2 protein chains.
Amino acid sequence: MGKVASTISDDNHAPTMADVANRAGVSAMTVSRALKEGSRVSKATREKIMAAVNDLGYVLDQSAGSLSSRKTGFVAAIVPSINNSNFADTARGITDELESTGLQLLLGYTEYTTEKEEKLIEAMLRRRPEGIILTGGAHTDRARRMLKSAGIPVVETWELPAKPIDQVVGFSNEEAMGLLVKTLAAKGYRKFGYIGGTTSRDTRGSQRREGFIKAIEELGLSPGHLVSFGVPPISIEQGGQAVVSMLERWPDTEAVLCVSDLSAFGALMECQRRGMRVPEDIAIAGFGDYEVAAFCHPGITTMNVDCYGIGQQAARRLIQVIRGGEKKRGQEIFLTAYRVIERGST
Amino acid sequence: MGKVASTISDDNHAPTMADVANRAGVSAMTVSRALKEGSRVSKATREKIMAAVNDLGYVLDQSAGSLSSRKTGFVAAIVPSINNSNFADTARGITDELESTGLQLLLGYTEYTTEKEEKLIEAMLRRRPEGIILTGGAHTDRARRMLKSAGIPVVETWELPAKPIDQVVGFSNEEAMGLLVKTLAAKGYRKFGYIGGTTSRDTRGSQRREGFIKAIEELGLSPGHLVSFGVPPISIEQGGQAVVSMLERWPDTEAVLCVSDLSAFGALMECQRRGMRVPEDIAIAGFGDYEVAAFCHPGITTMNVDCYGIGQQAARRLIQVIRGGEKKRGQEIFLTAYRVIERGST
DNA sequence: AGCTCGCGTGATATCGATAACATTTCCAAG
DNA sequence: CTTGGAAATGTTATCGATATCACGCGAGCT
């Protein structure tokens, strides 16, 4: 370098607020105020500052800001999988709801294991989110402890956990599946089968299976046939394989309920490929009301769940606590809607 | 509070590194080292520290750390939609690749508009990511300027932009669609139709359409019929509507290519609903090789794209620059594979 | 005129960690 | 017993913003 050069800069480090302040001839504090909504800065000053910001291509550094303001502007959300359109909808609901608040989403996926969830929770907490949204109520002990001592609002979604951590936005997967069984029973079906993943990992899947078993019991029917197939998430392909194994073992099955629409779709396609008529030879129902279930032929009877709404509500709850500064109101539970969608497959 | 109490704490603020240091009887710096991989701390000290960490339920605060180390540990990625399983796969590829490096993903979706993308880029840059992954090559001028002055590596994906910003991981959508046309032409089809969204927003869609038009020209066939339908992303339902409008206007169409498998699936289902035989009466092909295309009946001929690999490669490129400290090597382009998957629908 | 009040702005301390340098400890070779 | 040098640990100065308090100034009131 030579010369005296301008007071600062000249080196190529990204501009800071001080650089902007310098150029605009004000203090850094005033720049900070000018860049924040609703702070009182005179029009003239604000314009000078904005000009400087543009000239330098300055972008606010939130990591620095959140250190002193003790607000990171992050919200964490953890879902089992982002490849599942139900959870993608929930994530979208969260993001959309957060958008107007200036909060930013940190998204992670567990691949349906609580171990991965625990790691994710820790990674997220390192970023000091102001709230966190989880899927389901199954967590490791350490995860529960970390969440407790983090001192931030927690929302569990998609289920009704037996031991909620804080708030809950979800529905009873058991009841929902039960309702589906009863709807089909009312149409005359008597011999039921259920297709799901090997249990335990996907707690929602297990709950649906429980609901299936209980409903059949309540109806006084002979126990339903259960086929477990593979590790969650159960794909389209596995749905097809499962229905085959179901029909080999119990050829008299009249109606097959599946843990999700993807497996139901796989089952439907496989049956058609084998020349079976749906629903005449066998009825098929799914869960989740994925787009594919509505437009395949025949359409798949399914349980519509308000995925997007779960995300919205969960985010809204967090925002209330975060921004509204409300006291924690203990374990509040918000139930979301579900309803049976009857289509041609039953 | 009464009593003298322990030196510090007693108030309910979350514990800091200093609290841990205090409890373990060491300095904060030593705690910092103990919590970082590969730093030399004696076994005894480390154990004392870990005990203190556990007792207090301490979780490292990365926002504070990144301020002083000038490394945030963030990587940003922006995709058009997380509800599209192709992009969800890419996001998964990125996350998986980042996992071992300790980098964390900041994910956003543009809903296929460059305006939203611009806003997202700004929001992400406020977090000072160490690198950023974009979808496609269409960006607003301001977005380009922000990216330039951010001084971080940028990877554009899923396309081959005419004016790359930095690195590229993608393929030519034009060529890929051309290949699909030629494959079908080789099977004897002559009268082609194309179903896509109203152009401009989805640049990959536009490129595929261009590829379609050019390929037909090269083959010396009469110009293909084009149906534009709705705003991207084109859903299953719109695919069905589009094929109807296509067949009303040009009943002699022999093969319909769709901008994605979702619209192809919608078209297929709609044709079946109307009693048309696929592929005898009309052939249908898609793009993207979604799971549904493989398992519907008949299977949909499509273009397989290495979605997951795009994400992996993009992340890998960033990591090389970020961690390896490699110099920027200018506009390097990495081509990803694609291949035609022939199935029963053609 | 004297006083209060509110607005716009600046000065300073601080958020919680880490970089960089300083210091101490420890062990082995001479 | 030294002494050199690596390993372990401590000290201090920052990173870039914002909270907080202080200040100057003009308007409105008595």
# chains A, B, ... in the order shown; residues from 1 in each chain; ligands from 1
$ residues_around --residues "segment 30-32 of chain B" --least-positions-apart "5" --cutoff "7 Å" --atoms "only C-alpha atoms (C1' of nucleotides)" --output "VMD selection string"
(chain B and resid 17 21 49) or (chain D and resid 9)
$ select_by_dssp --residues "segment 100-247 of chain A" --states "strand (DSSP E or B)" --output "list of chain:residue names"
A:Gln104, A:Leu105, A:Leu106, A:Leu107, A:Gly108, A:Tyr109, A:Ile132, A:Ile133, A:Leu134, A:Thr135, A:Val154, A:Val155, A:Glu156, A:Thr157, A:Gln167, A:Val168, A:Val169, A:Gly170, A:Phe192, A:Gly193, A:Tyr194, A:Ile195, A:Gly196, A:His225, A:Leu226, A:Val227, A:Ser228
$ write_last_selection --atoms "N, CA and C atoms" --output "PDB file, in the first residue's frame"
ATOM      1  N   GLN A 104     -35.903 -16.683  11.325  1.00  0.00           N
ATOM      2  CA  GLN A 104     -35.394 -17.550  10.270  1.00  0.00           C
ATOM      3  C   GLN A 104     -35.402 -19.000  10.740  1.00  0.00           C
ATOM      4  N   LEU A 105     -35.672 -19.882   9.801  1.00  0.00           N
ATOM      5  CA  LEU A 105     -35.823 -21.287  10.167  1.00  0.00           C
ATOM      6  C   LEU A 105     -34.526 -22.063  10.027  1.00  0.00           C
ATOM      7  N   LEU A 106     -34.231 -22.833  11.046  1.00  0.00           N
ATOM      8  CA  LEU A 106     -33.141 -23.804  10.974  1.00  0.00           C
ATOM      9  C   LEU A 106     -33.790 -25.171  10.883  1.00  0.00           C
ATOM     10  N   LEU A 107     -33.620 -25.841   9.756  1.00  0.00           N
ATOM     11  CA  LEU A 107     -34.340 -27.086   9.541  1.00  0.00           C
ATOM     12  C   LEU A 107     -33.404 -28.283   9.588  1.00  0.00           C
ATOM     13  N   GLY A 108     -33.854 -29.345  10.229  1.00  0.00           N
ATOM     14  CA  GLY A 108     -33.060 -30.559  10.252  1.00  0.00           C
ATOM     15  C   GLY A 108     -33.956 -31.769  10.116  1.00  0.00           C
ATOM     16  N   TYR A 109     -33.405 -32.890   9.706  1.00  0.00           N
ATOM     17  CA  TYR A 109     -34.226 -34.093   9.632  1.00  0.00           C
ATOM     18  C   TYR A 109     -33.543 -35.273  10.301  1.00  0.00           C
ATOM     19  N   ILE A 132     -38.223 -23.959  19.454  1.00  0.00           N
ATOM     20  CA  ILE A 132     -37.916 -25.159  18.671  1.00  0.00           C
ATOM     21  C   ILE A 132     -39.176 -25.995  18.465  1.00  0.00           C
ATOM     22  N   ILE A 133     -39.306 -26.513  17.255  1.00  0.00           N
ATOM     23  CA  ILE A 133     -40.455 -27.326  16.893  1.00  0.00           C
ATOM     24  C   ILE A 133     -39.978 -28.741  16.607  1.00  0.00           C
ATOM     25  N   LEU A 134     -40.592 -29.708  17.263  1.00  0.00           N
ATOM     26  CA  LEU A 134     -40.188 -31.095  17.080  1.00  0.00           C
ATOM     27  C   LEU A 134     -41.331 -31.883  16.452  1.00  0.00           C
ATOM     28  N   THR A 135     -40.986 -33.020  15.876  1.00  0.00           N
ATOM     29  CA  THR A 135     -42.018 -33.907  15.384  1.00  0.00           C
ATOM     30  C   THR A 135     -42.154 -35.061  16.360  1.00  0.00           C
ATOM     31  N   VAL A 154     -40.933 -24.903  23.435  1.00  0.00           N
ATOM     32  CA  VAL A 154     -40.838 -26.102  22.601  1.00  0.00           C
ATOM     33  C   VAL A 154     -42.245 -26.468  22.139  1.00  0.00           C
ATOM     34  N   VAL A 155     -42.382 -26.816  20.879  1.00  0.00           N
ATOM     35  CA  VAL A 155     -43.671 -27.310  20.401  1.00  0.00           C
ATOM     36  C   VAL A 155     -43.472 -28.685  19.793  1.00  0.00           C
ATOM     37  N   GLU A 156     -44.188 -29.647  20.299  1.00  0.00           N
ATOM     38  CA  GLU A 156     -44.164 -30.975  19.690  1.00  0.00           C
ATOM     39  C   GLU A 156     -45.360 -31.076  18.750  1.00  0.00           C
ATOM     40  N   THR A 157     -45.153 -31.690  17.610  1.00  0.00           N
ATOM     41  CA  THR A 157     -46.199 -31.707  16.592  1.00  0.00           C
ATOM     42  C   THR A 157     -46.523 -33.107  16.099  1.00  0.00           C
ATOM     43  N   GLN A 167     -45.547 -27.173  24.726  1.00  0.00           N
ATOM     44  CA  GLN A 167     -46.784 -27.077  23.983  1.00  0.00           C
ATOM     45  C   GLN A 167     -46.877 -28.200  22.942  1.00  0.00           C
ATOM     46  N   VAL A 168     -48.096 -28.440  22.478  1.00  0.00           N
ATOM     47  CA  VAL A 168     -48.316 -29.489  21.494  1.00  0.00           C
ATOM     48  C   VAL A 168     -49.269 -28.989  20.411  1.00  0.00           C
ATOM     49  N   VAL A 169     -48.939 -29.273  19.166  1.00  0.00           N
ATOM     50  CA  VAL A 169     -49.859 -29.009  18.066  1.00  0.00           C
ATOM     51  C   VAL A 169     -49.949 -30.291  17.264  1.00  0.00           C
ATOM     52  N   GLY A 170     -51.060 -30.994  17.371  1.00  0.00           N
ATOM     53  CA  GLY A 170     -51.137 -32.260  16.673  1.00  0.00           C
ATOM     54  C   GLY A 170     -52.494 -32.911  16.816  1.00  0.00           C
ATOM     55  N   PHE A 192     -59.983 -57.035   7.671  1.00  0.00           N
ATOM     56  CA  PHE A 192     -59.038 -55.942   7.471  1.00  0.00           C
ATOM     57  C   PHE A 192     -57.580 -56.372   7.558  1.00  0.00           C
ATOM     58  N   GLY A 193     -56.760 -55.680   6.833  1.00  0.00           N
ATOM     59  CA  GLY A 193     -55.314 -55.860   6.945  1.00  0.00           C
ATOM     60  C   GLY A 193     -54.651 -54.500   7.112  1.00  0.00           C
ATOM     61  N   TYR A 194     -53.471 -54.510   7.735  1.00  0.00           N
ATOM     62  CA  TYR A 194     -52.749 -53.253   7.942  1.00  0.00           C
ATOM     63  C   TYR A 194     -51.310 -53.396   7.468  1.00  0.00           C
ATOM     64  N   ILE A 195     -50.841 -52.411   6.723  1.00  0.00           N
ATOM     65  CA  ILE A 195     -49.465 -52.415   6.224  1.00  0.00           C
ATOM     66  C   ILE A 195     -48.711 -51.235   6.816  1.00  0.00           C
ATOM     67  N   GLY A 196     -47.608 -51.537   7.483  1.00  0.00           N
ATOM     68  CA  GLY A 196     -46.808 -50.456   8.060  1.00  0.00           C
ATOM     69  C   GLY A 196     -45.366 -50.875   8.158  1.00  0.00           C
ATOM     70  N   HIS A 225     -55.201 -58.439  10.088  1.00  0.00           N
ATOM     71  CA  HIS A 225     -53.914 -59.006   9.699  1.00  0.00           C
ATOM     72  C   HIS A 225     -52.888 -57.893   9.595  1.00  0.00           C
ATOM     73  N   LEU A 226     -51.731 -58.121  10.176  1.00  0.00           N
ATOM     74  CA  LEU A 226     -50.707 -57.080  10.170  1.00  0.00           C
ATOM     75  C   LEU A 226     -49.508 -57.510   9.346  1.00  0.00           C
ATOM     76  N   VAL A 227     -49.093 -56.663   8.455  1.00  0.00           N
ATOM     77  CA  VAL A 227     -47.859 -56.920   7.729  1.00  0.00           C
ATOM     78  C   VAL A 227     -46.912 -55.765   8.006  1.00  0.00           C
ATOM     79  N   SER A 228     -45.741 -56.102   8.545  1.00  0.00           N
ATOM     80  CA  SER A 228     -44.732 -55.067   8.757  1.00  0.00           C
ATOM     81  C   SER A 228     -43.703 -55.200   7.668  1.00  0.00           C
TER      82      SER A 228
END
$ atom_distance --atom1 "atom CA of Gln313 of chain B" --atom2 "atom CA of Cys258 of chain B"
27.0 Å
$ closest_atom_pairs --of "chain C" --to "chain A" --cutoff "12 Å" --atoms "only C-alpha atoms (C1' of nucleotides)" --output "Markdown table"
| residue | atom | partner | partner_atom | distance |
| --- | --- | --- | --- | --- |
| C:DG6 | C1' | A:Arg40 | CA | 11.6 |
| C:DC7 | C1' | A:Arg40 | CA | 8.1 |
| C:DG8 | C1' | A:Val41 | CA | 6.4 |
| C:DT9 | C1' | A:Thr30 | CA | 7.0 |
| C:DG10 | C1' | A:Ser27 | CA | 6.6 |
| C:DA11 | C1' | A:Ser27 | CA | 9.5 |
| C:DT12 | C1' | A:Met29 | CA | 11.3 |
| C:DA13 | C1' | A:Ser68 | CA | 10.9 |
| C:DT14 | C1' | A:Ser68 | CA | 7.1 |
| C:DC15 | C1' | A:Ser68 | CA | 4.1 |
| C:DG16 | C1' | A:Leu67 | CA | 7.4 |
| C:DA17 | C1' | A:Leu67 | CA | 9.9 |
$ interface_residues --of "chain D" --to "chain A" --cutoff "8 Å" --atoms "only C-alpha atoms (C1' of nucleotides)" --output "MDAnalysis selection string"
chainID D and resid 15:19
$ write_last_selection --atoms "N, CA and C atoms (P, O5', C5', C4', C3', O3' and C1' of nucleotides)" --output "PDB file, in the first residue's frame"
ATOM      1  P    DC D  15     -11.347  -6.135  15.912  1.00  0.00           P
ATOM      2  O5'  DC D  15     -12.414  -7.146  15.292  1.00  0.00           O
ATOM      3  C5'  DC D  15     -12.068  -8.491  14.968  1.00  0.00           C
ATOM      4  C4'  DC D  15     -13.308  -9.335  15.030  1.00  0.00           C
ATOM      5  C3'  DC D  15     -14.575  -8.576  14.667  1.00  0.00           C
ATOM      6  O3'  DC D  15     -14.884  -8.839  13.315  1.00  0.00           O
ATOM      7  C1'  DC D  15     -14.871  -9.943  16.645  1.00  0.00           C
ATOM      8  P    DG D  16     -15.119  -7.609  12.329  1.00  0.00           P
ATOM      9  O5'  DG D  16     -16.606  -7.158  12.645  1.00  0.00           O
ATOM     10  C5'  DG D  16     -17.677  -8.046  12.370  1.00  0.00           C
ATOM     11  C4'  DG D  16     -18.905  -7.547  13.077  1.00  0.00           C
ATOM     12  C3'  DG D  16     -19.309  -6.117  12.728  1.00  0.00           C
ATOM     13  O3'  DG D  16     -20.652  -6.148  12.305  1.00  0.00           O
ATOM     14  C1'  DG D  16     -19.321  -6.435  15.059  1.00  0.00           C
ATOM     15  P    DA D  17     -21.376  -4.861  11.735  1.00  0.00           P
ATOM     16  O5'  DA D  17     -22.387  -4.492  12.928  1.00  0.00           O
ATOM     17  C5'  DA D  17     -23.628  -5.133  13.005  1.00  0.00           C
ATOM     18  C4'  DA D  17     -23.988  -5.463  14.436  1.00  0.00           C
ATOM     19  C3'  DA D  17     -24.911  -4.463  15.124  1.00  0.00           C
ATOM     20  O3'  DA D  17     -26.244  -4.903  14.979  1.00  0.00           O
ATOM     21  C1'  DA D  17     -23.149  -5.252  16.573  1.00  0.00           C
ATOM     22  P    DT D  18     -27.427  -3.954  15.350  1.00  0.00           P
ATOM     23  O5'  DT D  18     -27.408  -3.991  16.947  1.00  0.00           O
ATOM     24  C5'  DT D  18     -27.879  -5.154  17.608  1.00  0.00           C
ATOM     25  C4'  DT D  18     -27.892  -4.902  19.094  1.00  0.00           C
ATOM     26  C3'  DT D  18     -28.859  -3.829  19.547  1.00  0.00           C
ATOM     27  O3'  DT D  18     -29.422  -4.292  20.758  1.00  0.00           O
ATOM     28  C1'  DT D  18     -26.709  -3.283  20.282  1.00  0.00           C
ATOM     29  P    DA D  19     -30.766  -3.640  21.321  1.00  0.00           P
ATOM     30  O5'  DA D  19     -30.369  -3.358  22.844  1.00  0.00           O
ATOM     31  C5'  DA D  19     -29.777  -4.397  23.614  1.00  0.00           C
ATOM     32  C4'  DA D  19     -29.391  -3.880  24.981  1.00  0.00           C
ATOM     33  C3'  DA D  19     -30.376  -2.939  25.646  1.00  0.00           C
ATOM     34  O3'  DA D  19     -30.337  -3.171  27.059  1.00  0.00           O
ATOM     35  C1'  DA D  19     -28.348  -1.776  25.218  1.00  0.00           C
TER      36       DA D  19
END
$ residues_around --residues "Leu179 of chain A" --least-positions-apart "2" --cutoff "12 Å" --atoms "only C-alpha atoms (C1' of nucleotides)" --output "ChimeraX atom specification"
/A:172-177,181-186,208,211-216,218-219,257,287,302-304,338-341
$ interface_residues --of "chain B" --to "chain A" --cutoff "7 Å" --atoms "only C-alpha atoms" --output "PyMOL selection string"
chain B and resi 57+59-64+67+82-83+85+88-89+106+126-128+146+149+237+266+269+273+295-297
$ residues_around --residues "DT2 of chain D" --least-positions-apart "4" --cutoff "12 Å" --atoms "only C-alpha atoms (C1' of nucleotides)" --output "short mmCIF file (atom, residue, chain, number, x, y, z; two decimals) with C-alpha atoms (C1' of nucleotides), in the first residue's frame"
data_model
loop_
_atom_site.label_atom_id
_atom_site.label_comp_id
_atom_site.auth_asym_id
_atom_site.auth_seq_id
_atom_site.Cartn_x
_atom_site.Cartn_y
_atom_site.Cartn_z
"C1'" DA C 28 14.21 -36.13 28.84
"C1'" DA C 29 18.73 -35.58 27.30
"C1'" DG C 30 23.19 -33.82 28.50
#
$ decode --residues "segment 276-292 of chain B" --atoms "N, CA and C atoms" --output "short mmCIF file (atom, residue, chain, number, x, y, z; two decimals), in the first residue's frame"
data_model
loop_
_atom_site.label_atom_id
_atom_site.label_comp_id
_atom_site.auth_asym_id
_atom_site.auth_seq_id
_atom_site.Cartn_x
_atom_site.Cartn_y
_atom_site.Cartn_z
N MET B 276 -58.41 -43.89 -22.60
CA MET B 276 -57.38 -43.98 -23.64
C MET B 276 -56.31 -44.96 -23.18
N ARG B 277 -55.75 -45.67 -24.15
CA ARG B 277 -54.70 -46.60 -23.79
C ARG B 277 -53.34 -45.93 -23.92
N VAL B 278 -52.52 -46.09 -22.92
CA VAL B 278 -51.15 -45.58 -22.94
C VAL B 278 -50.24 -46.79 -22.93
N PRO B 279 -49.35 -46.93 -23.90
CA PRO B 279 -48.96 -45.96 -24.91
C PRO B 279 -49.65 -46.13 -26.26
N GLU B 280 -50.55 -47.10 -26.40
CA GLU B 280 -51.10 -47.37 -27.73
C GLU B 280 -51.76 -46.14 -28.35
N ASP B 281 -52.69 -45.52 -27.61
CA ASP B 281 -53.36 -44.36 -28.16
C ASP B 281 -52.50 -43.11 -28.05
N ILE B 282 -51.81 -43.01 -26.94
CA ILE B 282 -50.92 -41.87 -26.75
C ILE B 282 -49.79 -42.25 -25.81
N ALA B 283 -48.59 -41.83 -26.19
CA ALA B 283 -47.42 -42.09 -25.34
C ALA B 283 -47.18 -40.88 -24.45
N ILE B 284 -46.67 -41.15 -23.24
CA ILE B 284 -46.42 -40.06 -22.29
C ILE B 284 -45.03 -40.24 -21.68
N ALA B 285 -44.30 -39.13 -21.60
CA ALA B 285 -43.00 -39.18 -20.93
C ALA B 285 -42.87 -38.00 -19.98
N GLY B 286 -42.08 -38.21 -18.96
CA GLY B 286 -41.90 -37.16 -17.96
C GLY B 286 -40.45 -36.73 -17.85
N PHE B 287 -40.10 -36.18 -16.72
CA PHE B 287 -38.74 -35.69 -16.51
C PHE B 287 -38.47 -35.65 -15.01
N GLY B 288 -37.39 -36.26 -14.59
CA GLY B 288 -37.01 -36.16 -13.18
C GLY B 288 -36.95 -37.49 -12.45
N ASP B 289 -37.57 -38.51 -13.04
CA ASP B 289 -37.57 -39.84 -12.43
C ASP B 289 -37.98 -39.83 -10.96
N TYR B 290 -39.16 -39.33 -10.70
CA TYR B 290 -39.74 -39.37 -9.36
C TYR B 290 -40.14 -40.80 -9.05
N GLU B 291 -40.26 -41.11 -7.78
CA GLU B 291 -40.59 -42.48 -7.41
C GLU B 291 -41.92 -42.92 -8.03
N VAL B 292 -42.87 -42.01 -8.09
CA VAL B 292 -44.20 -42.36 -8.59
C VAL B 292 -44.14 -42.84 -10.04
#
